[in-house]
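With PDB, C-alpha atoms inside, this is data05.pdb:
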ATOM      1  CA  MET A 145     243.852-114.071 -11.833
ATOM      2  CA  GLU A 146     241.720-116.266 -14.061
ATOM      3  CA  LEU A 147     239.216-116.607 -11.249
ATOM      4  CA  LEU A 148     238.982-112.826 -10.952
ATOM      5  CA  PHE A 149     238.202-112.455 -14.657
ATOM      6  CA  PHE A 150     235.705-115.301 -14.435
ATOM      7  CA  TYR A 151     233.873-113.513 -11.643
ATOM      8  CA  ILE A 152     233.867-110.230 -13.562
ATOM      9  CA  PHE A 153     232.439-111.791 -16.731
ATOM     10  CA  ALA A 154     230.000-114.023 -14.866
ATOM     11  CA  GLY A 155     228.764-111.103 -12.767
ATOM     12  CA  VAL A 156     228.212-108.864 -15.789
ATOM     13  CA  ALA A 157     226.496-111.734 -17.613
ATOM     14  CA  ILE A 158     224.115-112.451 -14.735
ATOM     15  CA  VAL A 159     223.288-108.793 -14.088
ATOM     16  CA  SER A 160     222.565-108.091 -17.738
ATOM     17  CA  ALA A 161     220.554-111.326 -18.014
ATOM     18  CA  VAL A 162     218.371-110.122 -15.137
ATOM     19  CA  LEU A 163     218.018-106.775 -16.913
ATOM     20  CA  VAL A 164     216.927-108.614 -20.084
ATOM     21  CA  VAL A 165     213.987-110.277 -18.377
ATOM     22  CA  THR A 166     212.955-107.283 -16.261
ATOM     23  CA  ASN A 167     213.267-104.507 -18.827
ATOM     24  CA  LYS A 168     210.136-102.802 -20.100
ATOM     25  CA  ASN A 169     211.654-101.685 -23.368
ATOM     26  CA  VAL A 170     212.205-104.514 -25.833
ATOM     27  CA  LEU A 171     215.057-102.712 -27.579
ATOM     28  CA  HIS A 172     216.940-102.205 -24.304
ATOM     29  CA  ALA A 173     216.377-105.850 -23.426
ATOM     30  CA  ALA A 174     217.901-106.886 -26.758
ATOM     31  CA  LEU A 175     220.924-104.651 -26.168
ATOM     32  CA  PHE A 176     221.452-106.114 -22.692
ATOM     33  CA  LEU A 177     221.223-109.575 -24.217
ATOM     34  CA  ILE A 178     224.075-108.599 -26.542
ATOM     35  CA  LEU A 179     226.128-107.659 -23.466
ATOM     36  CA  THR A 180     225.359-111.078 -21.965
ATOM     37  CA  PHE A 181     226.454-112.762 -25.194
ATOM     38  CA  PHE A 182     229.768-110.896 -25.150
ATOM     39  CA  CYS A 183     230.434-112.087 -21.599
ATOM     40  CA  VAL A 184     229.539-115.652 -22.599
ATOM     41  CA  ALA A 185     232.016-115.364 -25.495
ATOM     42  CA  ALA A 186     234.695-114.304 -22.998
ATOM     43  CA  ILE A 187     233.845-117.342 -20.889
ATOM     44  CA  TYR A 188     234.207-119.550 -23.976
ATOM     45  CA  ILE A 189     237.704-118.149 -24.403
ATOM     46  CA  MET A 190     238.475-119.014 -20.773
ATOM     47  CA  LEU A 191     237.294-122.548 -21.581
ATOM     48  CA  ARG A 192     239.762-122.615 -24.539
ATOM     49  CA  ALA A 193     236.915-122.787 -27.062
ATOM     50  CA  GLU A 194     238.156-120.018 -29.327
ATOM     51  CA  PHE A 195     236.160-121.147 -32.348
ATOM     52  CA  LEU A 196     232.947-121.096 -30.353
ATOM     53  CA  ALA A 197     233.753-117.624 -29.051
ATOM     54  CA  ALA A 198     234.166-116.420 -32.633
ATOM     55  CA  VAL A 199     230.933-118.135 -33.663
ATOM     56  CA  GLN A 200     229.186-116.571 -30.675
ATOM     57  CA  VAL A 201     230.251-113.066 -31.660
ATOM     58  CA  LEU A 202     229.716-113.484 -35.404
ATOM     59  CA  LEU A 203     226.557-115.560 -35.428
ATOM     60  CA  TYR A 204     224.749-114.726 -32.212
ATOM     61  CA  ILE A 205     225.588-111.062 -31.912
ATOM     62  CA  GLY A 206     226.065-110.406 -35.595
ATOM     63  CA  ALA A 207     223.182-112.356 -37.058
ATOM     64  CA  ILE A 208     220.575-113.443 -34.521
ATOM     65  CA  MET A 209     220.558-110.264 -32.480
ATOM     66  CA  ALA A 210     220.568-108.150 -35.647
ATOM     67  CA  LEU A 211     217.468-110.114 -36.664
ATOM     68  CA  PHE A 212     215.872-109.428 -33.273
ATOM     69  CA  ILE A 213     216.593-105.719 -33.407
ATOM     70  CA  PHE A 214     215.334-105.538 -36.984
ATOM     71  CA  THR A 215     212.080-107.172 -35.871
ATOM     72  CA  VAL A 216     211.777-104.794 -32.942
ATOM     73  CA  LEU A 217     212.031-101.942 -35.406
ATOM     74  CA  LEU A 218     209.150-103.415 -37.433
ATOM     75  CA  ILE A 219     206.745-103.636 -34.503
ATOM     76  CA  ASN A 220     205.437-100.881 -32.320
ATOM     77  CA  VAL A 221     207.542-101.042 -29.178
ATOM     78  CA  MET A 222     206.172 -97.947 -27.539
ATOM     79  CA  GLN A 223     202.648 -99.299 -27.453
ATOM     80  CA  ALA A 224     203.747-102.537 -25.812
ATOM     81  CA  GLN A 225     205.566-100.557 -23.126
ATOM     82  CA  PHE A 226     202.376 -99.309 -21.529
ATOM     83  CA  LEU A 227     200.819-102.725 -21.091
ATOM     84  CA  ARG A 228     201.100-104.744 -17.942
ATOM     85  CA  GLN A 229     204.458-106.421 -18.341
ATOM     86  CA  PHE A 230     204.185-109.430 -16.079
ATOM     87  CA  HIS A 231     201.765-112.271 -15.569
ATOM     88  CA  GLY A 232     199.742-112.663 -12.420
ATOM     89  CA  GLN A 233     201.617-115.913 -11.933
ATOM     90  CA  ARG A 234     204.832-114.034 -11.159
ATOM     91  CA  PRO A 235     205.152-114.991  -7.440
ATOM     92  CA  LEU A 236     204.504-118.637  -8.227
ATOM     93  CA  ALA A 237     207.059-118.598 -11.025
ATOM     94  CA  GLY A 238     209.580-116.896  -8.744
ATOM     95  CA  ILE A 239     209.159-119.546  -6.046
ATOM     96  CA  LEU A 240     209.460-122.345  -8.612
ATOM     97  CA  VAL A 241     212.580-120.902 -10.218
ATOM     98  CA  VAL A 242     214.333-120.202  -6.910
ATOM     99  CA  ALA A 243     213.540-123.707  -5.676
ATOM    100  CA  LEU A 244     214.848-125.349  -8.841
ATOM    101  CA  LEU A 245     217.984-123.189  -8.823
ATOM    102  CA  ALA A 246     218.672-124.001  -5.177
ATOM    103  CA  GLU A 247     218.250-127.677  -5.927
ATOM    104  CA  THR A 248     220.651-127.535  -8.869
ATOM    105  CA  ILE A 249     223.324-125.662  -6.933
ATOM    106  CA  PHE A 250     222.896-128.006  -3.970
ATOM    107  CA  LEU A 251     223.418-130.976  -6.284
ATOM    108  CA  LEU A 252     226.490-129.351  -7.775
ATOM    109  CA  PHE A 253     228.161-128.647  -4.484
ATOM    110  CA  SER A 254     226.980-131.497  -2.296
ATOM    111  CA  ASP A 255     228.673-134.597  -3.690
ATOM    112  CA  PHE A 256     230.581-133.378  -6.672
ATOM    113  CA  ARG A 257     232.995-136.261  -7.096
ATOM    114  CA  GLY A 258     230.173-138.753  -6.687
ATOM    115  CA  ASN A 259     227.978-137.055  -9.265
ATOM    116  CA  PHE A 260     230.658-136.604 -11.895
ATOM    117  CA  PRO A 261     233.173-139.399 -11.409
ATOM    118  CA  LEU A 262     234.841-138.842 -14.787
ATOM    119  CA  MET A 263     235.562-135.167 -14.267
ATOM    120  CA  GLN A 264     238.925-133.818 -13.317
ATOM    121  CA  GLU A 265     238.803-130.894 -10.959
ATOM    122  CA  THR A 266     241.537-129.149 -12.937
ATOM    123  CA  PRO A 267     241.339-129.338 -16.716
ATOM    124  CA  PRO A 268     244.192-130.861 -18.707
ATOM    125  CA  GLU A 269     246.478-128.228 -20.151
ATOM    126  CA  THR A 270     246.759-129.823 -23.576
ATOM    127  CA  ALA A 271     243.086-129.248 -24.349
ATOM    128  CA  GLY A 272     242.433-126.681 -27.020
ATOM    129  CA  ARG A 273     245.895-126.894 -28.580
ATOM    130  CA  ALA A 274     244.990-127.288 -32.301
ATOM    131  CA  GLY A 275     241.385-127.073 -31.228
ATOM    132  CA  LEU A 276     239.909-125.862 -34.492
ATOM    133  CA  GLU A 277     241.672-128.576 -36.479
ATOM    134  CA  THR A 278     240.357-131.375 -34.282
ATOM    135  CA  LEU A 279     236.920-129.810 -34.156
ATOM    136  CA  SER A 280     236.527-129.525 -37.918
ATOM    137  CA  GLN A 281     237.897-133.008 -38.454
ATOM    138  CA  LEU A 282     235.415-134.476 -35.970
ATOM    139  CA  LEU A 283     232.548-132.485 -37.456
ATOM    140  CA  LEU A 284     233.178-133.783 -40.966
ATOM    141  CA  THR A 285     233.901-137.407 -40.053
ATOM    142  CA  ASP A 286     232.249-138.728 -36.895
ATOM    143  CA  TYR A 287     229.452-136.183 -36.775
ATOM    144  CA  LEU A 288     228.805-135.844 -40.501
ATOM    145  CA  LEU A 289     225.195-137.011 -40.237
ATOM    146  CA  VAL A 290     224.453-134.449 -37.528
ATOM    147  CA  PHE A 291     226.071-131.788 -39.692
ATOM    148  CA  GLU A 292     223.830-132.673 -42.636
ATOM    149  CA  VAL A 293     220.726-132.778 -40.466
ATOM    150  CA  ALA A 294     221.601-129.306 -39.182
ATOM    151  CA  SER A 295     221.808-127.985 -42.726
ATOM    152  CA  VAL A 296     218.427-129.519 -43.570
ATOM    153  CA  LEU A 297     217.042-127.871 -40.426
ATOM    154  CA  LEU A 298     218.399-124.503 -41.544
ATOM    155  CA  LEU A 299     216.817-124.944 -44.974
ATOM    156  CA  ALA A 300     213.461-125.789 -43.360
ATOM    157  CA  ALA A 301     213.731-122.733 -41.092
ATOM    158  CA  LEU A 302     214.538-120.543 -44.094
ATOM    159  CA  ILE A 303     211.508-121.712 -46.053
ATOM    160  CA  GLY A 304     209.274-121.576 -42.986
ATOM    161  CA  ALA A 305     210.287-118.019 -42.162
ATOM    162  CA  VAL A 306     209.608-116.857 -45.698
ATOM    163  CA  VAL A 307     206.178-118.515 -45.724
ATOM    164  CA  LEU A 308     205.202-117.256 -42.253
ATOM    165  CA  ALA A 309     206.342-113.661 -42.590
ATOM    166  CA  ARG A 310     205.237-113.146 -46.169
ATOM    167  CA  GLY A 311     201.781-111.906 -45.265
ATOM    168  CA  ASP A 312     198.789-111.515 -47.538
ATOM    169  CA  ILE A 313     199.049-109.784 -50.841
ATOM    170  CA  ALA A 314     195.506-108.473 -51.161
ATOM    171  CA  PRO A 315     194.532-106.842 -47.808
ATOM    172  CA  ALA A 316     197.671-104.771 -47.563
ATOM    173  CA  ASP A 317     195.927-101.460 -46.882
ATOM    174  CA  ARG A 318     193.751-102.935 -44.132
ATOM    175  CA  ARG A 319     196.734-103.087 -41.798
ATOM    176  CA  ARG A 320     197.078 -99.468 -40.856
TER     177      ARG A 320
ATOM    178  CA  MET B 929     242.161-122.057 -12.268
ATOM    179  CA  VAL B 930     238.380-121.908 -12.310
ATOM    180  CA  PRO B 931     236.799-125.166 -11.116
ATOM    181  CA  LEU B 932     234.080-126.907 -13.096
ATOM    182  CA  SER B 933     231.380-126.264 -10.508
ATOM    183  CA  HIS B 934     231.704-122.512 -11.054
ATOM    184  CA  TYR B 935     230.919-122.835 -14.740
ATOM    185  CA  LEU B 936     228.013-125.160 -14.020
ATOM    186  CA  THR B 937     226.632-122.765 -11.417
ATOM    187  CA  LEU B 938     226.874-119.863 -13.873
ATOM    188  CA  GLY B 939     225.045-121.924 -16.480
ATOM    189  CA  ALA B 940     222.335-122.874 -13.995
ATOM    190  CA  ILE B 941     221.826-119.278 -12.861
ATOM    191  CA  ILE B 942     221.530-117.921 -16.415
ATOM    192  CA  PHE B 943     219.241-120.808 -17.389
ATOM    193  CA  PHE B 944     216.859-120.127 -14.527
ATOM    194  CA  ILE B 945     216.847-116.395 -15.243
ATOM    195  CA  GLY B 946     215.692-117.395 -18.732
ATOM    196  CA  VAL B 947     213.038-119.722 -17.297
ATOM    197  CA  TRP B 948     211.795-116.905 -15.093
ATOM    198  CA  GLY B 949     211.547-114.622 -18.107
ATOM    199  CA  VAL B 950     209.579-117.180 -20.113
ATOM    200  CA  LEU B 951     207.182-117.827 -17.239
ATOM    201  CA  THR B 952     206.502-114.245 -16.244
ATOM    202  CA  ARG B 953     206.800-111.932 -19.217
ATOM    203  CA  ARG B 954     203.877-111.244 -21.528
ATOM    204  CA  ASN B 955     205.744-109.696 -24.429
ATOM    205  CA  ALA B 956     206.382-112.307 -27.121
ATOM    206  CA  VAL B 957     209.729-110.840 -28.192
ATOM    207  CA  ILE B 958     211.068-110.869 -24.642
ATOM    208  CA  ILE B 959     209.994-114.493 -24.305
ATOM    209  CA  LEU B 960     212.106-115.266 -27.383
ATOM    210  CA  LEU B 961     215.035-113.352 -25.872
ATOM    211  CA  SER B 962     214.705-115.423 -22.676
ATOM    212  CA  ILE B 963     214.803-118.604 -24.744
ATOM    213  CA  GLU B 964     218.063-117.384 -26.285
ATOM    214  CA  LEU B 965     219.398-116.877 -22.745
ATOM    215  CA  MET B 966     218.521-120.483 -21.929
ATOM    216  CA  PHE B 967     220.312-121.722 -25.059
ATOM    217  CA  ASN B 968     223.418-119.830 -23.999
ATOM    218  CA  ALA B 969     223.329-121.265 -20.488
ATOM    219  CA  VAL B 970     223.148-124.778 -21.909
ATOM    220  CA  ASN B 971     226.073-123.965 -24.180
ATOM    221  CA  ILE B 972     228.200-122.806 -21.247
ATOM    222  CA  THR B 973     227.479-126.064 -19.435
ATOM    223  CA  VAL B 974     228.217-128.241 -22.472
ATOM    224  CA  VAL B 975     231.453-126.437 -23.307
ATOM    225  CA  ALA B 976     232.602-126.596 -19.684
ATOM    226  CA  PHE B 977     232.014-130.361 -19.653
ATOM    227  CA  SER B 978     233.861-130.683 -22.949
ATOM    228  CA  ARG B 979     236.848-128.801 -21.530
ATOM    229  CA  PHE B 980     236.984-130.785 -18.314
ATOM    230  CA  LEU B 981     236.543-134.125 -20.079
ATOM    231  CA  ASP B 982     239.188-133.164 -22.653
ATOM    232  CA  GLN B 983     236.885-134.066 -25.542
ATOM    233  CA  PHE B 984     235.614-132.004 -28.422
ATOM    234  CA  THR B 985     232.171-133.573 -28.609
ATOM    235  CA  GLY B 986     230.753-130.887 -26.341
ATOM    236  CA  GLN B 987     231.952-128.128 -28.628
ATOM    237  CA  ILE B 988     230.327-129.832 -31.612
ATOM    238  CA  PHE B 989     227.087-130.008 -29.692
ATOM    239  CA  ALA B 990     227.426-126.335 -28.820
ATOM    240  CA  VAL B 991     227.777-125.505 -32.520
ATOM    241  CA  LEU B 992     224.620-127.523 -33.215
ATOM    242  CA  VAL B 993     222.780-125.761 -30.393
ATOM    243  CA  ILE B 994     223.724-122.427 -31.970
ATOM    244  CA  THR B 995     222.361-123.688 -35.307
ATOM    245  CA  VAL B 996     219.091-124.700 -33.684
ATOM    246  CA  ALA B 997     218.947-121.347 -31.888
ATOM    247  CA  ALA B 998     219.342-119.543 -35.198
ATOM    248  CA  ALA B 999     216.529-121.580 -36.760
ATOM    249  CA  GLU B1000     214.329-121.037 -33.716
ATOM    250  CA  ALA B1001     214.934-117.289 -33.676
ATOM    251  CA  THR B1002     214.090-117.042 -37.372
ATOM    252  CA  ILE B1003     210.834-118.970 -37.072
ATOM    253  CA  GLY B1004     209.883-117.262 -33.813
ATOM    254  CA  LEU B1005     210.387-113.798 -35.205
ATOM    255  CA  ALA B1006     208.471-114.704 -38.360
ATOM    256  CA  ILE B1007     205.570-115.837 -36.162
ATOM    257  CA  VAL B1008     205.862-112.628 -34.124
ATOM    258  CA  ILE B1009     205.680-110.504 -37.269
ATOM    259  CA  SER B1010     202.686-112.341 -38.653
ATOM    260  CA  LEU B1011     200.948-112.155 -35.241
ATOM    261  CA  TYR B1012     201.591-108.433 -35.067
ATOM    262  CA  ARG B1013     200.119-108.031 -38.551
ATOM    263  CA  GLY B1014     196.955-109.797 -37.533
ATOM    264  CA  ARG B1015     196.439-108.494 -33.992
ATOM    265  CA  GLU B1016     198.491-105.306 -33.547
ATOM    266  CA  SER B1017     199.636-106.724 -30.225
ATOM    267  CA  LEU B1018     202.348-108.954 -28.883
ATOM    268  CA  ASN B1019     200.703-109.796 -25.587
ATOM    269  CA  VAL B1020     200.783-113.570 -25.292
ATOM    270  CA  ASP B1021     197.762-113.545 -22.970
ATOM    271  CA  GLU B1022     195.598-112.378 -25.854
ATOM    272  CA  ILE B1023     196.827-115.142 -28.132
ATOM    273  CA  ASN B1024     194.627-117.923 -26.793
ATOM    274  CA  LEU B1025     192.791-119.296 -29.779
ATOM    275  CA  LEU B1026     194.116-122.804 -29.203
ATOM    276  CA  LYS B1027     193.566-122.644 -25.452
ATOM    277  CA  TRP B1028     190.481-124.087 -23.811
TER     278      TRP B1028
END
Would you write out, as structure tokens, the structure that this file holds?
Amino acid sequence: MELLFFYIFAGVAIVSAVLVVTNKNVLHAALFLILTFFCVAAIYIMLRAEFLAAVQVLLYIGAIMALFIFTVLLINVMQAQFLRQFHGQRPLAGILVVALLAETIFLLFSDFRGNFPLMQETPPETAGRAGLETLSQLLLTDYLLVFEVASVLLLAALIGAVVLARGDIAPADRRR
Amino acid sequence: MVPLSHYLTLGAIIFFIGVWGVLTRRNAVIILLSIELMFNAVNITVVAFSRFLDQFTGQIFAVLVITVAAAEATIGLAIVISLYRGRESLNVDEINLLKW
């Protein structure tokens, strides 16, 4: 039963991910990416990471994708639609990506126990029982430095975005 | 029960779809969207490892990856907006001032 749902969510995620990178319209690509993110959130729930699923929906879909769609509204999408969409290096990139993917999957399935000796093939059932409690405790004790560095990074991104997107004050009428 | 290799394969497939998008598309916004896809694939892999190792470290790293993705999306979109102001185009082939 769980396997069936995994295949459904994984299939929808992969199909919409392909549609993201092949779509001509940027707005449609962003909407398909939202569908992918929802499926990834469902997969987080199957992995008993409920907090991450909530963060995925609230932060990724609610904040980052809203930012993307807002930006798409600010630029002229229709004009970009008529350009050539792909590089000339597309066949080369396709060969490279397929080769790397085949190599990864071969490594995963060839000698699994040898490659990951610590892994259990079936996860322990106790995982994720009080998950949020353990997670927040770890984040504020063992990983406190990483937490602080992440907040400094967010501050830097905030200031950088304001500086980059502010634009010039004087030549405002030159733009149109 | 879904085995670990299935999650890892899903992560690898989504990651390489993102790589393909970054390598082949010319629209700057779609390149940013492909990078977000790659972040998500990495997150799936990390969370799957965290579940199968019965440790929460992977989930903490996934939270940090989401933080970095938010910062990256903000800066990337700010650059996209300022590029569009200057050039009226988002084609990355035309943005080659630093290329030689």
Near-stretch 175-183 of chain A list (6 Å; only C-alpha atoms; drop same-chain fewer than 5 positions) as a VMD selection string:
chain A and resid 153 157 160 164
For the interface of chain B with chain A (cut-off 7 Å, counting all atoms listed in the file), please tabulate each contacting residue of chain B alongside its nearest pair of atoms and their separation in Å to one decimal, rows sorted by chain and increasing number, as a tab-separated table.
residue	atom	partner	partner_atom	distance
B:Met929	CA	A:Glu146	CA	6.1
B:Val930	CA	A:Leu147	CA	5.5
B:Pro931	CA	A:Glu265	CA	6.1
B:Leu932	CA	A:Glu265	CA	6.5
B:Ser933	CA	A:Leu252	CA	6.4
B:Thr937	CA	A:Ile249	CA	6.3
B:Leu938	CA	A:Ala154	CA	6.7
B:Ala940	CA	A:Leu245	CA	6.8
B:Ile941	CA	A:Leu245	CA	6.8
B:Ile942	CA	A:Ile158	CA	6.3
B:Phe944	CA	A:Val241	CA	6.1
B:Ile945	CA	A:Val162	CA	6.5
B:Trp948	CA	A:Val241	CA	6.4
B:Gly949	CA	A:Val165	CA	5.0
B:Leu951	CA	A:Ala237	CA	6.3
B:Thr952	CA	A:His231	CA	5.2
B:Arg953	CA	A:Phe230	CA	4.8
B:Arg954	CA	A:Phe230	CA	5.8
B:Ile958	CA	A:Val170	CA	6.6
B:Ser962	CA	A:Val165	CA	6.7
B:Ala976	CA	A:Leu191	CA	6.5
B:Arg979	CA	A:Leu191	CA	6.3
B:Phe980	CA	A:Pro267	CA	4.9
B:Leu981	CA	A:Met263	CA	6.0
B:Asp982	CA	A:Ala271	CA	5.8
B:Phe984	CA	A:Leu279	CA	6.3
B:Ile988	CA	A:Leu283	CA	6.8
B:Leu992	CA	A:Ala294	CA	6.9
B:Thr995	CA	A:Ala294	CA	6.9
B:Ala998	CA	A:Ile208	CA	6.3
B:Ala999	CA	A:Ala301	CA	5.3
B:Ala1001	CA	A:Ile208	CA	6.9
B:Thr1002	CA	A:Ala305	CA	6.2
B:Ile1003	CA	A:Ala305	CA	5.2
B:Leu1005	CA	A:Thr215	CA	6.9
B:Ala1006	CA	A:Ala309	CA	4.8
B:Ile1007	CA	A:Leu308	CA	6.3
B:Ile1009	CA	A:Ala309	CA	6.2
B:Ser1010	CA	A:Ala309	CA	5.5
B:Arg1013	CA	A:Arg319	CA	6.8
Proximity to B:Val975 - best of A:Leu288, A:Leu217, A:Ile189, A:Val296, only C-alpha atoms:
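When distances to B:Val975 are compared using only C-alpha atoms, the smallest one comes from A:Ile189.
Interatomic distance, atom CA of A:Glu247 against atom CA of B:Thr985: 27.3 Å.
The two atoms in question, atom CA of B:Phe943 and atom CA of B:Val970, are spaced 7.2 Å apart.
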As an exercise, work out the distance from atom CA of B:Thr973 to atom CA of B:Ala990 in Å and give it to one decimal place.
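That distance, rounded to one decimal, is 9.4 Å.
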Considering all atoms listed in the file, can you say which of B:Gly986, B:Asn955, B:Val950, B:Leu936 comes closest to B:Asn1019?
B:Asn955
